[in-house]
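What follows is the content of target27.cif, which has mmCIF, C-alpha atoms:
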data_run
loop_
_atom_site.label_atom_id
_atom_site.label_comp_id
_atom_site.auth_asym_id
_atom_site.auth_seq_id
_atom_site.Cartn_x
_atom_site.Cartn_y
_atom_site.Cartn_z
CA MET A 1 -27.50 26.25 -77.68
CA ILE A 2 -28.55 26.65 -81.33
CA PHE A 3 -29.57 23.66 -83.43
CA GLU A 4 -30.54 23.22 -87.04
CA SER A 5 -34.14 22.48 -87.96
CA PRO A 6 -34.74 18.73 -87.67
CA PRO A 7 -35.57 16.59 -90.68
CA PRO A 8 -38.63 14.33 -90.53
CA PHE A 9 -38.32 11.18 -88.46
CA THR A 10 -37.36 8.16 -90.50
CA GLN A 11 -38.97 4.75 -90.34
CA PRO A 12 -37.81 2.88 -87.22
CA ARG A 13 -35.46 0.02 -87.98
CA GLU A 14 -37.26 -2.60 -85.96
CA SER A 15 -40.49 -2.07 -87.92
CA ILE A 16 -38.85 -3.25 -91.14
CA MET A 17 -36.48 -6.00 -89.94
CA SER A 18 -39.10 -8.72 -90.36
CA ASP A 19 -39.05 -8.09 -94.10
CA VAL A 20 -35.27 -8.21 -94.50
CA ILE A 21 -35.11 -11.97 -95.23
CA PRO A 22 -37.40 -13.07 -98.08
CA ALA A 23 -39.74 -15.88 -97.12
CA ALA A 24 -38.15 -18.20 -99.70
CA LEU A 25 -34.76 -17.85 -98.03
CA ARG A 26 -35.75 -18.09 -94.39
CA GLN A 27 -35.61 -21.88 -94.35
CA VAL A 28 -32.08 -21.90 -95.74
CA CYS A 29 -30.63 -19.17 -93.52
CA SER A 30 -29.26 -19.83 -90.04
CA SER A 31 -32.15 -20.18 -87.61
CA ARG A 32 -29.80 -19.16 -84.81
CA VAL A 33 -29.09 -15.81 -86.45
CA GLN A 34 -32.70 -15.27 -87.55
CA GLU A 35 -33.82 -15.59 -83.94
CA MET A 36 -31.47 -12.85 -82.76
CA PRO A 37 -33.34 -9.76 -81.50
CA ASP A 38 -32.86 -6.44 -83.22
CA ASN A 39 -30.62 -3.94 -81.46
CA GLN A 40 -32.97 -1.53 -79.70
CA ILE A 41 -30.32 1.17 -79.28
CA VAL A 42 -29.94 1.25 -83.05
CA ALA A 43 -33.74 1.26 -83.39
CA VAL A 44 -33.90 4.52 -81.44
CA ALA A 45 -30.80 6.09 -82.98
CA ASP A 46 -31.99 5.39 -86.53
CA LEU A 47 -35.01 7.58 -85.90
CA ALA A 48 -32.94 10.76 -85.70
CA ARG A 49 -29.29 10.14 -86.58
CA HIS A 50 -29.16 13.26 -88.75
CA ASP A 51 -31.31 15.48 -86.58
CA ALA A 52 -28.94 18.16 -85.30
CA SER A 53 -31.50 19.36 -82.75
CA VAL A 54 -31.21 16.11 -80.76
CA VAL A 55 -28.78 15.72 -77.85
CA ARG A 56 -27.38 12.29 -78.65
CA LEU A 57 -26.76 10.24 -75.53
CA TRP A 58 -27.79 6.85 -76.91
CA ILE A 59 -24.59 5.23 -78.21
CA GLY A 60 -21.48 4.56 -76.13
CA GLU A 61 -18.84 6.84 -77.56
CA GLY A 62 -17.22 10.09 -76.56
CA ASP A 63 -17.85 13.29 -78.47
CA LEU A 64 -14.16 14.27 -78.72
CA PRO A 65 -12.21 13.63 -81.92
CA THR A 66 -9.36 11.15 -82.03
CA PRO A 67 -6.19 13.00 -80.87
CA ASP A 68 -4.15 14.51 -83.69
CA ALA A 69 -0.98 12.53 -82.89
CA ILE A 70 -2.87 9.26 -83.32
CA LYS A 71 -4.36 10.38 -86.64
CA GLN A 72 -0.97 11.59 -87.84
CA ALA A 73 0.61 8.22 -87.09
CA ALA A 74 -1.88 6.55 -89.42
CA ILE A 75 -1.36 9.22 -92.08
CA ASP A 76 2.41 8.76 -91.88
CA ALA A 77 2.04 4.99 -92.19
CA LEU A 78 -0.16 5.39 -95.24
CA GLY A 79 2.40 7.76 -96.72
CA GLN A 80 4.99 5.02 -96.27
CA ASP A 81 2.68 2.52 -98.04
CA ASP A 82 2.25 0.48 -94.86
CA THR A 83 -0.86 -1.13 -96.32
CA ARG A 84 0.03 -4.78 -96.83
CA TYR A 85 -0.73 -7.90 -94.79
CA SER A 86 0.93 -7.95 -91.40
CA TYR A 87 1.17 -10.44 -88.55
CA SER A 88 -2.33 -11.84 -88.06
CA GLN A 89 -2.00 -11.67 -84.28
CA GLY A 90 -0.66 -8.09 -84.37
CA MET A 91 2.64 -6.34 -85.03
CA PRO A 92 5.33 -7.26 -82.50
CA GLU A 93 5.81 -3.54 -81.78
CA LEU A 94 2.12 -3.11 -80.92
CA ARG A 95 2.01 -6.19 -78.74
CA GLN A 96 5.05 -4.94 -76.86
CA ALA A 97 3.41 -1.52 -76.49
CA LEU A 98 0.36 -3.25 -75.00
CA SER A 99 2.59 -5.08 -72.54
CA ASP A 100 4.25 -1.80 -71.56
CA TYR A 101 0.87 -0.08 -71.18
CA HIS A 102 -0.36 -2.73 -68.74
CA ARG A 103 2.85 -2.54 -66.75
CA ARG A 104 2.55 1.24 -66.50
CA HIS A 105 -1.10 1.34 -65.39
CA TRP A 106 -1.60 -1.92 -63.48
CA GLN A 107 1.97 -2.82 -62.47
CA VAL A 108 1.68 -6.26 -64.05
CA ASP A 109 4.12 -8.05 -66.32
CA VAL A 110 2.14 -9.59 -69.17
CA ALA A 111 4.35 -11.05 -71.88
CA ALA A 112 3.90 -9.52 -75.33
CA ASP A 113 3.12 -12.94 -76.80
CA ARG A 114 -0.03 -13.14 -74.65
CA PHE A 115 -1.70 -10.31 -76.60
CA CYS A 116 -3.79 -10.64 -79.73
CA VAL A 117 -4.78 -7.50 -81.65
CA THR A 118 -8.41 -7.56 -82.84
CA ILE A 119 -10.89 -5.64 -84.99
CA GLY A 120 -12.31 -3.69 -82.05
CA GLY A 121 -13.66 -4.91 -78.73
CA MET A 122 -16.48 -6.82 -80.39
CA ASN A 123 -14.06 -9.01 -82.33
CA ALA A 124 -12.11 -9.50 -79.09
CA VAL A 125 -15.22 -10.89 -77.38
CA THR A 126 -16.02 -12.97 -80.47
CA MET A 127 -12.65 -14.70 -80.51
CA ALA A 128 -12.68 -15.18 -76.74
CA MET A 129 -15.99 -17.04 -77.03
CA GLN A 130 -14.87 -18.99 -80.09
CA ALA A 131 -11.75 -20.08 -78.23
CA ILE A 132 -13.52 -21.68 -75.27
CA LEU A 133 -17.12 -22.55 -76.12
CA ASP A 134 -18.53 -25.73 -77.61
CA GLU A 135 -22.12 -26.24 -78.70
CA GLY A 136 -24.32 -25.92 -75.61
CA SER A 137 -21.62 -24.51 -73.33
CA GLU A 138 -23.08 -22.16 -70.74
CA VAL A 139 -21.74 -18.71 -69.90
CA ILE A 140 -22.97 -16.96 -66.75
CA MET A 141 -23.41 -13.24 -67.26
CA PRO A 142 -24.49 -10.56 -64.74
CA THR A 143 -27.34 -8.63 -66.29
CA PRO A 144 -28.47 -6.09 -67.52
CA ALA A 145 -25.49 -6.49 -69.84
CA TRP A 146 -24.01 -5.30 -73.12
CA PRO A 147 -26.25 -6.93 -75.76
CA ASN A 148 -23.39 -7.66 -78.17
CA ALA A 149 -21.68 -9.95 -75.69
CA ARG A 150 -24.93 -11.76 -74.91
CA GLN A 151 -25.66 -12.37 -78.56
CA MET A 152 -22.13 -13.51 -79.40
CA ILE A 153 -22.47 -16.35 -76.92
CA GLU A 154 -25.56 -17.50 -78.82
CA ILE A 155 -23.99 -17.01 -82.26
CA VAL A 156 -21.10 -19.36 -81.48
CA GLY A 157 -23.51 -21.97 -80.10
CA GLY A 158 -23.27 -21.24 -76.40
CA VAL A 159 -26.05 -20.60 -73.90
CA ASN A 160 -26.29 -17.33 -71.99
CA VAL A 161 -27.24 -17.79 -68.32
CA PRO A 162 -28.25 -14.41 -66.84
CA VAL A 163 -27.80 -13.57 -63.17
CA ALA A 164 -29.52 -10.30 -62.29
CA PHE A 165 -27.85 -7.46 -60.45
CA ASP A 166 -29.55 -6.34 -57.24
CA PHE A 167 -30.93 -2.82 -57.63
CA HIS A 168 -31.46 -1.15 -54.27
CA ALA A 169 -33.84 1.69 -53.49
CA ASP A 170 -30.96 3.87 -52.31
CA GLY A 171 -29.46 3.84 -55.80
CA ASN A 172 -26.77 1.22 -55.22
CA ILE A 173 -26.19 -1.80 -57.44
CA ALA A 174 -24.67 -5.04 -56.20
CA LEU A 175 -23.87 -8.47 -57.59
CA ASP A 176 -24.53 -11.37 -55.23
CA LEU A 177 -21.73 -13.83 -55.97
CA GLU A 178 -23.64 -16.60 -54.22
CA LYS A 179 -26.29 -16.30 -56.97
CA VAL A 180 -23.53 -16.48 -59.57
CA PHE A 181 -22.04 -19.58 -57.97
CA ALA A 182 -25.48 -21.21 -57.65
CA ALA A 183 -26.06 -20.77 -61.39
CA VAL A 184 -23.13 -23.05 -62.26
CA THR A 185 -24.03 -26.42 -63.80
CA GLU A 186 -22.05 -29.23 -65.37
CA ARG A 187 -22.40 -27.39 -68.69
CA THR A 188 -20.96 -24.09 -67.41
CA ARG A 189 -17.77 -23.14 -69.23
CA ALA A 190 -17.23 -19.50 -68.23
CA ILE A 191 -18.33 -16.52 -66.16
CA PHE A 192 -18.39 -13.22 -68.04
CA VAL A 193 -17.61 -10.07 -66.03
CA ASN A 194 -17.81 -6.56 -67.44
CA SER A 195 -16.40 -4.31 -64.74
CA PRO A 196 -16.89 -1.38 -64.76
CA SER A 197 -20.19 -2.40 -66.27
CA ASN A 198 -22.15 -1.25 -69.29
CA PRO A 199 -24.98 -0.23 -68.79
CA THR A 200 -25.14 -0.04 -64.99
CA GLY A 201 -21.87 1.69 -64.03
CA TRP A 202 -21.33 -1.00 -61.35
CA ARG A 203 -17.76 -1.96 -60.48
CA MET A 204 -16.74 -5.28 -58.96
CA PRO A 205 -14.93 -4.82 -55.63
CA LEU A 206 -11.42 -6.26 -55.51
CA GLU A 207 -12.34 -8.73 -52.78
CA ASP A 208 -15.15 -10.10 -54.99
CA MET A 209 -12.74 -10.43 -57.90
CA ARG A 210 -10.53 -12.60 -55.70
CA ARG A 211 -13.52 -14.70 -54.56
CA LEU A 212 -14.56 -15.24 -58.17
CA ARG A 213 -11.00 -16.15 -59.18
CA ASP A 214 -10.74 -18.72 -56.39
CA PHE A 215 -14.14 -20.23 -57.26
CA CYS A 216 -13.24 -20.53 -60.95
CA ARG A 217 -9.90 -22.11 -60.12
CA GLU A 218 -11.67 -24.68 -57.96
CA LYS A 219 -14.32 -25.49 -60.58
CA GLY A 220 -12.05 -25.28 -63.62
CA LEU A 221 -14.04 -22.43 -65.17
CA TRP A 222 -12.95 -19.59 -67.41
CA ILE A 223 -13.26 -15.93 -66.50
CA VAL A 224 -13.92 -13.70 -69.49
CA ALA A 225 -13.26 -10.17 -68.23
CA ASP A 226 -14.32 -7.25 -70.40
CA GLU A 227 -12.24 -4.38 -68.95
CA VAL A 228 -12.98 -1.72 -71.55
CA TYR A 229 -13.89 1.00 -69.03
CA ASN A 230 -11.16 0.50 -66.41
CA HIS A 231 -9.90 4.08 -66.68
CA PHE A 232 -13.37 5.57 -66.13
CA VAL A 233 -13.68 5.30 -62.34
CA TYR A 234 -15.51 7.56 -59.85
CA ASN A 235 -15.19 6.33 -56.27
CA ASP A 236 -17.59 8.47 -54.19
CA GLY A 237 -16.84 6.47 -51.06
CA ILE A 238 -18.37 3.21 -52.35
CA TYR A 239 -14.98 1.54 -52.72
CA ASP A 240 -12.15 2.05 -50.26
CA ASP A 241 -9.35 0.52 -52.35
CA GLY A 242 -8.56 3.94 -53.82
CA GLN A 243 -7.37 2.28 -57.00
CA ARG A 244 -7.44 4.22 -60.24
CA PRO A 245 -7.79 2.81 -62.80
CA ALA A 246 -10.12 0.05 -61.69
CA PRO A 247 -8.48 -3.25 -60.76
CA SER A 248 -7.78 -5.76 -63.50
CA PHE A 249 -8.07 -9.53 -63.19
CA LEU A 250 -4.54 -9.58 -64.61
CA GLN A 251 -3.35 -8.23 -61.24
CA ILE A 252 -4.69 -11.20 -59.30
CA CYS A 253 -4.34 -14.02 -61.84
CA GLY A 254 -1.28 -15.76 -63.17
CA PRO A 255 -0.31 -16.56 -66.76
CA ASP A 256 -1.69 -20.11 -66.39
CA ASP A 257 -5.12 -19.12 -65.05
CA ARG A 258 -8.15 -19.63 -67.26
CA LEU A 259 -8.56 -15.93 -67.90
CA LEU A 260 -9.37 -14.03 -71.08
CA VAL A 261 -9.34 -10.23 -70.89
CA THR A 262 -10.94 -8.24 -73.72
CA ASN A 263 -10.40 -4.55 -74.41
CA THR A 264 -10.56 -1.89 -77.11
CA PHE A 265 -8.92 1.31 -78.29
CA SER A 266 -12.39 2.79 -78.88
CA LYS A 267 -13.20 4.37 -75.53
CA ASN A 268 -9.91 5.55 -74.01
CA TRP A 269 -8.70 7.40 -77.10
CA CYS A 270 -12.00 8.15 -78.92
CA MET A 271 -11.20 5.65 -81.66
CA THR A 272 -14.60 3.96 -82.05
CA GLY A 273 -14.49 4.07 -85.85
CA TRP A 274 -10.93 2.77 -86.10
CA ARG A 275 -11.98 -0.75 -85.04
CA ALA A 276 -9.01 -1.93 -83.01
CA GLY A 277 -8.88 -3.84 -79.74
CA TRP A 278 -7.09 -6.73 -78.04
CA VAL A 279 -7.40 -9.97 -76.09
CA VAL A 280 -5.07 -11.16 -73.34
CA PHE A 281 -4.96 -14.95 -73.09
CA PRO A 282 -3.11 -17.52 -70.95
CA GLN A 283 0.47 -18.41 -71.76
CA GLY A 284 0.63 -20.99 -74.54
CA LEU A 285 -2.49 -20.05 -76.50
CA ASP A 286 -0.74 -17.74 -78.96
CA GLN A 287 -1.00 -20.20 -81.86
CA LEU A 288 -4.70 -20.78 -81.18
CA PHE A 289 -5.43 -17.05 -81.30
CA ALA A 290 -3.21 -16.56 -84.33
CA ARG A 291 -5.37 -19.18 -86.05
CA LEU A 292 -8.58 -17.46 -84.97
CA CYS A 293 -7.29 -14.14 -86.29
CA GLN A 294 -6.31 -15.66 -89.59
CA TYR A 295 -9.69 -17.24 -90.17
CA ASN A 296 -11.79 -14.39 -88.74
CA THR A 297 -10.15 -11.26 -90.12
CA THR A 298 -6.56 -11.91 -91.30
CA GLY A 299 -5.53 -9.15 -88.90
CA VAL A 300 -5.87 -5.42 -88.34
CA ALA A 301 -4.74 -2.93 -90.99
CA PRO A 302 -1.07 -2.07 -90.35
CA PHE A 303 -1.54 1.70 -90.57
CA ILE A 304 -4.23 1.43 -87.88
CA GLN A 305 -1.84 -0.60 -85.73
CA ARG A 306 0.73 2.20 -86.06
CA ALA A 307 -1.89 4.64 -84.77
CA CYS A 308 -2.62 2.28 -81.87
CA ILE A 309 1.06 2.25 -80.86
CA THR A 310 0.98 6.05 -80.68
CA ALA A 311 -2.20 5.93 -78.57
CA LEU A 312 -0.59 3.57 -76.08
CA GLU A 313 2.72 5.42 -75.90
CA SER A 314 1.53 9.04 -75.83
CA GLY A 315 -2.18 8.98 -75.00
CA ASP A 316 -2.20 8.92 -71.19
CA ASP A 317 -2.81 12.67 -70.86
CA PHE A 318 -5.76 12.41 -73.23
CA ILE A 319 -7.26 9.62 -71.13
CA ALA A 320 -6.93 11.74 -67.99
CA HIS A 321 -8.54 14.71 -69.73
CA GLN A 322 -11.44 12.63 -70.99
CA VAL A 323 -12.05 10.95 -67.62
CA ALA A 324 -12.10 14.35 -65.84
CA ARG A 325 -14.53 15.66 -68.44
CA CYS A 326 -16.78 12.62 -68.02
CA HIS A 327 -16.66 13.02 -64.26
CA ALA A 328 -17.93 16.61 -64.55
CA SER A 329 -20.75 15.62 -66.90
CA ARG A 330 -21.62 12.65 -64.70
CA ASP A 331 -21.99 14.87 -61.64
CA ILE A 332 -24.22 17.34 -63.49
CA LEU A 333 -26.60 14.60 -64.64
CA VAL A 334 -26.56 12.59 -61.40
CA ASP A 335 -27.28 15.65 -59.25
CA GLY A 336 -30.00 16.93 -61.56
CA LEU A 337 -31.87 13.66 -62.00
CA THR A 338 -31.50 12.59 -58.36
CA ALA A 339 -33.44 15.70 -57.35
CA LEU A 340 -36.56 14.39 -59.13
CA ASP A 341 -39.07 12.53 -56.97
CA ASN A 342 -40.07 10.07 -59.68
CA VAL A 343 -36.54 9.05 -60.71
CA THR A 344 -34.09 6.64 -59.08
CA VAL A 345 -30.53 7.20 -60.24
CA PHE A 346 -27.94 4.45 -59.89
CA SER A 347 -24.86 6.60 -59.47
CA PRO A 348 -22.16 5.03 -61.66
CA GLN A 349 -18.89 4.03 -60.04
CA GLY A 350 -17.36 3.50 -63.46
CA THR A 351 -17.87 3.69 -67.26
CA PHE A 352 -19.51 6.75 -68.82
CA TYR A 353 -23.09 5.52 -68.54
CA LEU A 354 -25.90 6.55 -66.23
CA PHE A 355 -28.65 3.98 -65.57
CA PHE A 356 -31.86 5.32 -64.09
CA LYS A 357 -35.48 4.35 -63.49
CA VAL A 358 -38.54 6.54 -64.01
CA HIS A 359 -41.32 5.41 -61.67
CA GLY A 360 -44.99 5.13 -62.43
CA LEU A 361 -44.76 4.57 -66.16
CA SER A 362 -46.78 2.33 -68.39
CA GLY A 363 -45.41 0.99 -71.63
CA SER A 364 -41.95 -0.31 -72.39
CA SER A 365 -38.59 1.37 -71.95
CA LEU A 366 -38.30 1.34 -75.75
CA ASP A 367 -41.55 3.28 -76.01
CA MET A 368 -40.28 5.73 -73.39
CA ALA A 369 -36.97 6.23 -75.20
CA LYS A 370 -38.87 7.07 -78.38
CA ARG A 371 -41.13 9.46 -76.50
CA ILE A 372 -38.18 11.26 -74.91
CA LEU A 373 -36.59 11.55 -78.35
CA ARG A 374 -39.75 12.95 -79.88
CA GLU A 375 -40.82 15.31 -77.10
CA ALA A 376 -37.60 16.30 -75.31
CA LYS A 377 -35.17 15.94 -78.21
CA VAL A 378 -32.78 13.80 -76.15
CA GLY A 379 -31.61 10.44 -77.45
CA VAL A 380 -31.37 7.78 -74.75
CA ALA A 381 -30.99 3.99 -74.81
CA PRO A 382 -33.87 1.82 -73.58
CA GLY A 383 -32.96 -0.42 -70.66
CA SER A 384 -34.57 -3.41 -72.37
CA ALA A 385 -31.77 -3.27 -74.96
CA PHE A 386 -29.59 -4.83 -72.23
CA GLY A 387 -31.94 -7.73 -71.49
CA PRO A 388 -35.36 -8.15 -69.88
CA GLU A 389 -33.83 -7.26 -66.50
CA GLY A 390 -33.29 -3.75 -67.87
CA GLU A 391 -36.94 -3.08 -68.62
CA ASP A 392 -38.26 0.06 -66.85
CA TYR A 393 -34.78 1.62 -66.98
CA LEU A 394 -33.02 4.01 -69.33
CA ARG A 395 -29.34 4.56 -70.08
CA ILE A 396 -27.56 7.73 -71.10
CA CYS A 397 -23.95 8.16 -72.20
CA PHE A 398 -22.24 11.11 -70.50
CA ALA A 399 -18.95 11.08 -72.42
CA ILE A 400 -19.85 14.58 -73.54
CA ASP A 401 -18.98 18.21 -72.93
CA PRO A 402 -20.32 19.36 -69.53
CA GLU A 403 -22.24 22.16 -71.26
CA LEU A 404 -24.03 19.57 -73.37
CA ALA A 405 -24.80 17.62 -70.19
CA ARG A 406 -26.44 20.76 -68.79
CA GLU A 407 -28.45 21.15 -71.99
CA ALA A 408 -29.59 17.54 -71.81
CA LEU A 409 -30.61 18.00 -68.18
CA ALA A 410 -32.50 21.20 -69.01
CA ARG A 411 -34.58 19.19 -71.48
CA LEU A 412 -35.02 16.03 -69.41
CA VAL A 413 -36.03 17.61 -66.08
CA PRO A 414 -39.22 19.36 -67.25
CA PHE A 415 -40.18 16.36 -69.35
CA LEU A 416 -39.72 13.86 -66.50
CA THR A 417 -41.28 16.18 -63.93
CA ALA A 418 -44.44 16.53 -65.97
CA LEU A 419 -44.56 12.90 -66.96
CA GLN A 420 -47.67 11.02 -66.05
CA PRO A 421 -48.44 7.33 -66.65
CA SER A 422 -49.97 7.04 -70.08
CA THR A 423 -51.49 4.29 -72.19
CA GLU A 424 -50.75 6.26 -75.33
CA SER A 425 -48.50 4.38 -77.75
CA ALA A 426 -45.03 5.83 -77.96
CA THR A 427 -44.44 4.73 -81.53
CA VAL A 428 -43.11 7.38 -83.83
#
Would you mind writing the file out in structure tokens?
Amino acid sequence: MIFESPPPFTQPRESIMSDVIPAALRQVCSSRVQEMPDNQIVAVADLARHDASVVRLWIGEGDLPTPDAIKQAAIDALGQDDTRYSYSQGMPELRQALSDYHRRHWQVDVAADRFCVTIGGMNAVTMAMQAILDEGSEVIMPTPAWPNARQMIEIVGGVNVPVAFDFHADGNIALDLEKVFAAVTERTRAIFVNSPSNPTGWRMPLEDMRRLRDFCREKGLWIVADEVYNHFVYNDGIYDDGQRPAPSFLQICGPDDRLLVTNTFSKNWCMTGWRAGWVVFPQGLDQLFARLCQYNTTGVAPFIQRACITALESGDDFIAHQVARCHASRDILVDGLTALDNVTVFSPQGTFYLFFKVHGLSGSSLDMAKRILREAKVGVAPGSAFGPEGEDYLRICFAIDPELAREALARLVPFLTALQPSTESATV
């Protein structure tokens, strides 16, 4: 593959963040927000965003463009001047399309008035947490976990309670529900489940979903289920339910259960920049979520909602194409990295992320990510971006063309093979 000459590395973001807030203003800005850690994935990506010679596997988005039909729907809506305020909770047509989509893929009947359209998946998680958390409320979260969800709990005044996944030497990842149950206190309000999971690729077995549902019913707890990656499933004999897409909590919970399901248009239809997602909430909370929408965002742009309707109604073939493409790239990277003696690969059962550990290293995973970027020209995410339990691991996004996956492997294998523990700083 041919790449342009790279520009010089830019100053890493995390080295300048301490100077963002002037000293005179620090005492009058939110201490809660000031104490938030910088996003380490961004810290790596900002070093070489415009370097065309880098294979970019750091951020979680596919490399395909948004399908033409979806773009055309937005263009048509703009041409019809569909640019004014709309229903804060989402157009009725879009909410009905979401109901139809869930019926088609998960054989569940979810009433259209249980959906709330959001500004992407992040806003979906934000409103879910705002809806149920009071100051000091605890949320149990399996970790390593998506950093945005962890930080949102803190931003709204909650307390994140991590429960670590079990990483086994054979490359399997498991979540011990007994550890989850033992972490519950009188302040626990919810258990957050991202399945399939970013960054690990773990998927919760259906029988564990039922156990968790029954436990939460007994204790009066909420389940917040982030089901963004449900279509991206690769069974490999680990699960025998044969279900594709991955199971949804909506299949095993009723409309009165304390369940909030968050999702996004970003991943399935390559719409990351469009910023559209949704929340499914229990029957009767429509006015609460309409209020949250009104005060958070006043709703999603109507021409974007028109594009979302097209995605839901005509985008199934694109999803299938993208999942097959990810599966091919996944197999290339898993097979290539598993062959290395100093690497343990946790073969993902879902998502489009590969989590792996390089043995015998000194220094942090952030240092290693920077070194790989500098020396191998591959952009990866440091495992520590997903919490301290992710230290010593790295994550790569394989929602890419299989040929690009081969190119990434061709760069990573010689680098990792030759890698020796080093005390040299990996700063750039």
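You can rank A:Gln107, A:Gln96, A:Asn148, A:Thr200 by their closest distance to Gln251 in chain A using all atoms listed in the file, and at the top of that list sits A:Gln107.
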Proximity of range 106-194 of chain A to range 265-271 of chain A: per-residue shortest pair, 12 Å limit, only C-alpha atoms, as CSV:
residue,atom,partner,partner_atom,distance
A:Val117,CA,A:Phe265,CA,10.3
A:Thr118,CA,A:Phe265,CA,10.0
A:Ile119,CA,A:Phe265,CA,9.9
A:Gly120,CA,A:Phe265,CA,7.1
A:Gly121,CA,A:Ser266,CA,7.8
A:Met122,CA,A:Ser266,CA,10.6
A:Ala124,CA,A:Phe265,CA,11.3
I need the residues from that last selection saved to file as an mmCIF file, keeping the file's coordinate frame (with C-alpha atoms), if you can.
data_model
loop_
_atom_site.group_PDB
_atom_site.id
_atom_site.type_symbol
_atom_site.label_atom_id
_atom_site.label_comp_id
_atom_site.auth_asym_id
_atom_site.auth_seq_id
_atom_site.Cartn_x
_atom_site.Cartn_y
_atom_site.Cartn_z
ATOM 1 C CA VAL A 117 -4.780 -7.500 -81.650
ATOM 2 C CA THR A 118 -8.410 -7.560 -82.840
ATOM 3 C CA ILE A 119 -10.890 -5.640 -84.990
ATOM 4 C CA GLY A 120 -12.310 -3.690 -82.050
ATOM 5 C CA GLY A 121 -13.660 -4.910 -78.730
ATOM 6 C CA MET A 122 -16.480 -6.820 -80.390
ATOM 7 C CA ALA A 124 -12.110 -9.500 -79.090
#
Residue neighbourhood Ile400 in chain A, 12 Å, only C-alpha atoms, exclusion window fewer than 2 positions, as a PyMOL selection string: chain A and resi 55-65+270+321-330+332-333+352-353+396-398+402-408
Among the residues A:Pro147, A:Gly277, A:Pro162, A:Gly336, the one that comes closest to Gly299 in chain A [using only C-alpha atoms]: A:Gly277
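Nearest to Asp367 in chain A of all the residues A:Phe303, A:Asn198, A:Tyr393, A:Asp68 is A:Tyr393, based on only C-alpha atoms.
Using all atoms listed in the file for every distance, the candidate list A:Thr417, A:Leu312, A:Asp134, A:Ala376 yields A:Leu312 as the residue closest to Tyr101 in chain A.
The neighbours of Met91 in chain A here are the residues that come within 9 Å of it, using only C-alpha atoms and leaving out any residue fewer than 3 positions away in the same chain; they are Ser86, Tyr87, Ser88, Leu94, Arg95, Gln96, Val117, Pro302, Gln305 and Arg306 of chain A.
Taking only C-alpha atoms into account, Glu186 in chain A lies nearest to A:Ser137 out of the set A:Ser137, A:Gln294, A:Asn172, A:Thr351.
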